[in-house]
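Student: Structure file upload_29.pdb (PDB, C-alpha atoms and all ligand atoms) is given on the next line.
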```
ATOM      1  CA  VAL A  22      85.118  19.280-105.679  1.00  0.00           C
ATOM      2  CA  LEU A  23      85.276  15.522-106.022  1.00  0.00           C
ATOM      3  CA  SER A  24      87.387  13.696-103.484  1.00  0.00           C
ATOM      4  CA  ALA A  25      90.148  11.320-104.565  1.00  0.00           C
ATOM      5  CA  GLU A  26      87.944   8.453-103.451  1.00  0.00           C
ATOM      6  CA  GLU A  27      85.018   9.652-105.563  1.00  0.00           C
ATOM      7  CA  LEU A  28      87.291  10.100-108.551  1.00  0.00           C
ATOM      8  CA  ARG A  29      88.576   6.577-108.112  1.00  0.00           C
ATOM      9  CA  GLN A  30      85.014   5.268-108.047  1.00  0.00           C
ATOM     10  CA  PHE A  31      84.087   7.102-111.230  1.00  0.00           C
ATOM     11  CA  GLU A  32      87.246   5.855-112.880  1.00  0.00           C
ATOM     12  CA  GLU A  33      86.249   2.314-111.976  1.00  0.00           C
ATOM     13  CA  ILE A  34      82.712   2.769-113.344  1.00  0.00           C
ATOM     14  CA  LEU A  35      84.103   4.251-116.560  1.00  0.00           C
ATOM     15  CA  GLU A  36      86.710   1.511-116.983  1.00  0.00           C
ATOM     16  CA  ASP A  37      84.038  -1.174-116.517  1.00  0.00           C
ATOM     17  CA  ARG A  38      81.724   0.508-118.990  1.00  0.00           C
ATOM     18  CA  LYS A  39      84.606   0.870-121.428  1.00  0.00           C
ATOM     19  CA  LYS A  40      85.378  -2.846-121.224  1.00  0.00           C
ATOM     20  CA  GLN A  41      81.720  -3.713-121.730  1.00  0.00           C
ATOM     21  CA  LEU A  42      81.384  -1.397-124.722  1.00  0.00           C
ATOM     22  CA  THR A  43      84.606  -2.596-126.322  1.00  0.00           C
ATOM     23  CA  LYS A  44      83.377  -6.157-126.012  1.00  0.00           C
ATOM     24  CA  ASN A  45      79.935  -5.278-127.433  1.00  0.00           C
ATOM     25  CA  ILE A  46      81.476  -3.476-130.376  1.00  0.00           C
ATOM     26  CA  ASN A  47      83.835  -6.349-131.118  1.00  0.00           C
ATOM     27  CA  ASP A  48      81.010  -8.878-130.871  1.00  0.00           C
ATOM     28  CA  ALA A  49      78.785  -6.799-133.138  1.00  0.00           C
ATOM     29  CA  ASN A  50      81.563  -6.479-135.700  1.00  0.00           C
ATOM     30  CA  SER A  51      82.203 -10.185-135.813  1.00  0.00           C
ATOM     31  CA  GLU A  52      78.464 -10.802-136.100  1.00  0.00           C
ATOM     32  CA  ILE A  53      78.206  -8.439-139.051  1.00  0.00           C
ATOM     33  CA  ASP A  54      81.212 -10.138-140.638  1.00  0.00           C
ATOM     34  CA  SER A  55      79.696 -13.579-140.261  1.00  0.00           C
ATOM     35  CA  LEU A  56      76.411 -12.310-141.650  1.00  0.00           C
ATOM     36  CA  HIS A  57      78.191 -11.026-144.705  1.00  0.00           C
ATOM     37  CA  SER A  58      79.925 -14.315-145.270  1.00  0.00           C
ATOM     38  CA  ILE A  59      76.592 -16.149-145.597  1.00  0.00           C
ATOM     39  CA  GLU A  60      75.393 -16.535-149.164  1.00  0.00           C
ATOM     40  CA  LEU A  61      72.072 -14.786-149.543  1.00  0.00           C
ATOM     41  CA  ASN A  62      70.138 -16.258-152.421  1.00  0.00           C
ATOM     42  CA  ASP A  63      66.659 -15.214-151.388  1.00  0.00           C
ATOM     43  CA  GLU A  64      65.492 -11.628-151.696  1.00  0.00           C
ATOM     44  CA  ALA A  65      63.467 -11.770-148.455  1.00  0.00           C
ATOM     45  CA  ASP A  66      66.479 -13.077-146.557  1.00  0.00           C
ATOM     46  CA  PHE A  67      68.528 -10.334-147.999  1.00  0.00           C
ATOM     47  CA  ALA A  68      66.012  -7.653-146.948  1.00  0.00           C
ATOM     48  CA  SER A  69      65.786  -8.910-143.373  1.00  0.00           C
ATOM     49  CA  ALA A  70      69.536  -9.323-143.165  1.00  0.00           C
ATOM     50  CA  SER A  71      70.045  -5.758-144.346  1.00  0.00           C
ATOM     51  CA  SER A  72      67.607  -4.276-141.869  1.00  0.00           C
ATOM     52  CA  ASP A  73      69.253  -6.226-139.033  1.00  0.00           C
ATOM     53  CA  ASP A  74      72.506  -4.943-140.317  1.00  0.00           C
ATOM     54  CA  PHE A  75      71.213  -1.435-140.209  1.00  0.00           C
ATOM     55  CA  THR A  76      70.021  -1.747-136.602  1.00  0.00           C
ATOM     56  CA  ASP A  77      73.308  -3.347-135.575  1.00  0.00           C
ATOM     57  CA  LYS A  78      75.158  -0.536-137.218  1.00  0.00           C
ATOM     58  CA  ALA A  79      73.073   2.129-135.474  1.00  0.00           C
ATOM     59  CA  ILE A  80      73.704   0.454-132.120  1.00  0.00           C
ATOM     60  CA  ALA A  81      77.393   0.058-132.906  1.00  0.00           C
ATOM     61  CA  ASP A  82      77.616   3.754-133.862  1.00  0.00           C
ATOM     62  CA  GLN A  83      75.909   4.772-130.648  1.00  0.00           C
ATOM     63  CA  GLN A  84      78.245   2.541-128.648  1.00  0.00           C
ATOM     64  CA  SER A  85      81.394   3.773-130.293  1.00  0.00           C
ATOM     65  CA  ARG A  86      80.279   7.335-129.644  1.00  0.00           C
ATOM     66  CA  GLU A  87      79.758   6.514-125.990  1.00  0.00           C
ATOM     67  CA  LEU A  88      83.122   4.774-125.907  1.00  0.00           C
ATOM     68  CA  GLY A  89      84.749   7.945-127.216  1.00  0.00           C
ATOM     69  CA  GLU A  90      83.069   9.997-124.487  1.00  0.00           C
ATOM     70  CA  ILE A  91      84.196   7.531-121.846  1.00  0.00           C
ATOM     71  CA  GLU A  92      87.766   7.713-123.090  1.00  0.00           C
ATOM     72  CA  GLU A  93      87.637  11.513-122.910  1.00  0.00           C
ATOM     73  CA  ALA A  94      86.308  11.286-119.349  1.00  0.00           C
ATOM     74  CA  LEU A  95      89.139   8.911-118.378  1.00  0.00           C
ATOM     75  CA  VAL A  96      91.704  11.350-119.766  1.00  0.00           C
ATOM     76  CA  LYS A  97      90.052  14.101-117.710  1.00  0.00           C
ATOM     77  CA  ILE A  98      90.314  12.022-114.552  1.00  0.00           C
ATOM     78  CA  LYS A  99      94.046  11.713-115.195  1.00  0.00           C
ATOM     79  CA  ASP A 100      94.604  15.412-115.845  1.00  0.00           C
ATOM     80  CA  LYS A 101      92.284  16.400-112.963  1.00  0.00           C
ATOM     81  CA  SER A 102      89.700  18.198-115.096  1.00  0.00           C
ATOM     82  CA  TYR A 103      87.056  15.552-114.576  1.00  0.00           C
ATOM     83  CA  GLY A 104      83.647  16.765-113.437  1.00  0.00           C
ATOM     84  CA  ILE A 105      84.139  20.253-114.859  1.00  0.00           C
ATOM     85  CA  CYS A 106      81.663  21.482-117.463  1.00  0.00           C
ATOM     86  CA  ASP A 107      83.254  21.925-120.904  1.00  0.00           C
ATOM     87  CA  MET A 108      81.185  25.014-121.588  1.00  0.00           C
ATOM     88  CA  CYS A 109      80.952  27.136-118.432  1.00  0.00           C
ATOM     89  CA  GLU A 110      83.786  25.498-116.466  1.00  0.00           C
ATOM     90  CA  GLU A 111      81.579  25.108-113.425  1.00  0.00           C
ATOM     91  CA  GLU A 112      81.535  21.837-111.536  1.00  0.00           C
ATOM     92  CA  ILE A 113      79.081  19.208-112.705  1.00  0.00           C
ATOM     93  CA  SER A 114      77.022  17.958-109.759  1.00  0.00           C
ATOM     94  CA  ILE A 115      77.941  14.544-108.417  1.00  0.00           C
ATOM     95  CA  GLU A 116      74.295  13.456-108.772  1.00  0.00           C
ATOM     96  CA  ARG A 117      74.533  14.091-112.490  1.00  0.00           C
ATOM     97  CA  LEU A 118      77.866  12.265-112.739  1.00  0.00           C
ATOM     98  CA  LYS A 119      76.359   9.270-110.988  1.00  0.00           C
ATOM     99  CA  VAL A 120      73.679   9.079-113.655  1.00  0.00           C
ATOM    100  CA  LYS A 121      76.037   9.871-116.515  1.00  0.00           C
ATOM    101  CA  PRO A 122      79.692   9.514-115.459  1.00  0.00           C
ATOM    102  CA  PHE A 123      80.985  10.696-118.834  1.00  0.00           C
ATOM    103  CA  ALA A 124      78.905  13.902-118.825  1.00  0.00           C
ATOM    104  CA  LYS A 125      80.782  16.788-120.427  1.00  0.00           C
ATOM    105  CA  PHE A 126      78.361  19.555-119.563  1.00  0.00           C
ATOM    106  CA  CYS A 127      76.486  20.637-116.450  1.00  0.00           C
ATOM    107  CA  ILE A 128      72.707  20.389-116.630  1.00  0.00           C
ATOM    108  CA  THR A 129      72.265  24.060-117.598  1.00  0.00           C
ATOM    109  CA  CYS A 130      74.750  23.862-120.472  1.00  0.00           C
ATOM    110  CA  ARG A 131      73.393  20.491-121.561  1.00  0.00           C
ATOM    111  CA  GLU A 132      69.988  22.102-122.059  1.00  0.00           C
ATOM    112  CA  ILE A 133      71.457  24.991-124.025  1.00  0.00           C
ATOM    113  CA  TYR A 134      73.484  22.535-126.089  1.00  0.00           C
ATOM    114  CA  GLU A 135      70.466  20.364-126.873  1.00  0.00           C
ATOM    115  CA  LYS A 136      68.354  23.330-127.892  1.00  0.00           C
ATOM    116  CA  SER A 137      71.006  24.814-130.142  1.00  0.00           C
ATOM    117  CA  PRO A 138      70.881  23.683-133.773  1.00  0.00           C
ATOM    118  CA  LYS A 139      73.292  20.862-134.593  1.00  0.00           C
ATOM    119  CA  LYS A 140      75.989  21.521-137.113  1.00  0.00           C
TER     120      LYS A 140
HETATM  121 ZN    ZN B 201      78.027  24.347-117.753  1.00  0.00          ZN
END
```
Go ahead and express the file in the form of structure tokens.
Tutor:
Amino acid sequence: VLSAEELRQFEEILEDRKKQLTKNINDANSEIDSLHSIELNDEADFASASSDDFTDKAIADQQSRELGEIEEALVKIKDKSYGICDMCEEEISIERLKVKPFAKFCITCREIYEKSPKK
């Protein structure tokens, strides 16, 4: 079981990461907006702008997904279910949480989850 002190540390890590991600997402959005406001009169410019756009969007998607997971983890800290695997309800090891503080599954379930076909 995680001590109150450990929980507080994870909460801090998650809050920091959340701030960072929120900032990144906001920056990326304003960058995409400014890109769209530029008149593109050359086909090559347009192609490179679109591929940049695509990469930005993929990164932004990835970051908003992570942000969602972090928010879930923060809720769990508050209702004291943090660090418990969503699948088997066993405790997730602290070593794993240190690597991935918003982990939802223990290592065993994570492997099962990754091997199972995605819906
Ligand atoms: Zn599990």
Student: Might you spell out which residues the PyMOL selection byres (((not hetatm)) within 8 of (chain B and resi 201)) would select in the displayed file, as a PyMOL selection string?
Tutor: chain A and resi 105-113+126-131
Student: For Lys39 in chain A, please output as a list in words all residues within 7 Å (counting only C-alpha atoms; exclusion window: fewer than 3 positions along the same chain).
Tutor: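 Non-adjacent residues within range: Leu35, Glu36, Leu42, Thr43, Leu88 and Ile91 of chain A.
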Student: Please determine, counting all atoms listed in the file, which residue among A:Arg38, A:Lys78, A:Glu116, A:Arg29 has the shortest atom-to-atom distance to Glu52 in chain A.
Tutor: A:Lys78
Student: Show me, as JSON, the centre and edge lengths in Å to one decimal of the axis-aligned box that covers every listed atom of range 102-118 of chain A with 3 Å on each side.
Tutor:
```
{"center_x": 82.0, "center_y": 19.7, "center_z": -115.0, "size_x": 21.4, "size_y": 20.9, "size_z": 19.2}
```
Student: Go through A:Glu132, A:Glu92, A:Asp100, A:Glu87 and flag the residue nearest Asn45 in chain A, using all atoms listed in the file for the distances.
Tutor: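 Smallest distance to Asn45 in chain A is found for A:Glu87.
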Student: Tell me, as JSON, numbers by chain, which residues lie within 8 Å of Glu93 in chain A, counting all atoms listed in the file; anything in the same chain fewer than 4 positions away does not count.
Tutor: {"A": [89, 97, 123]}
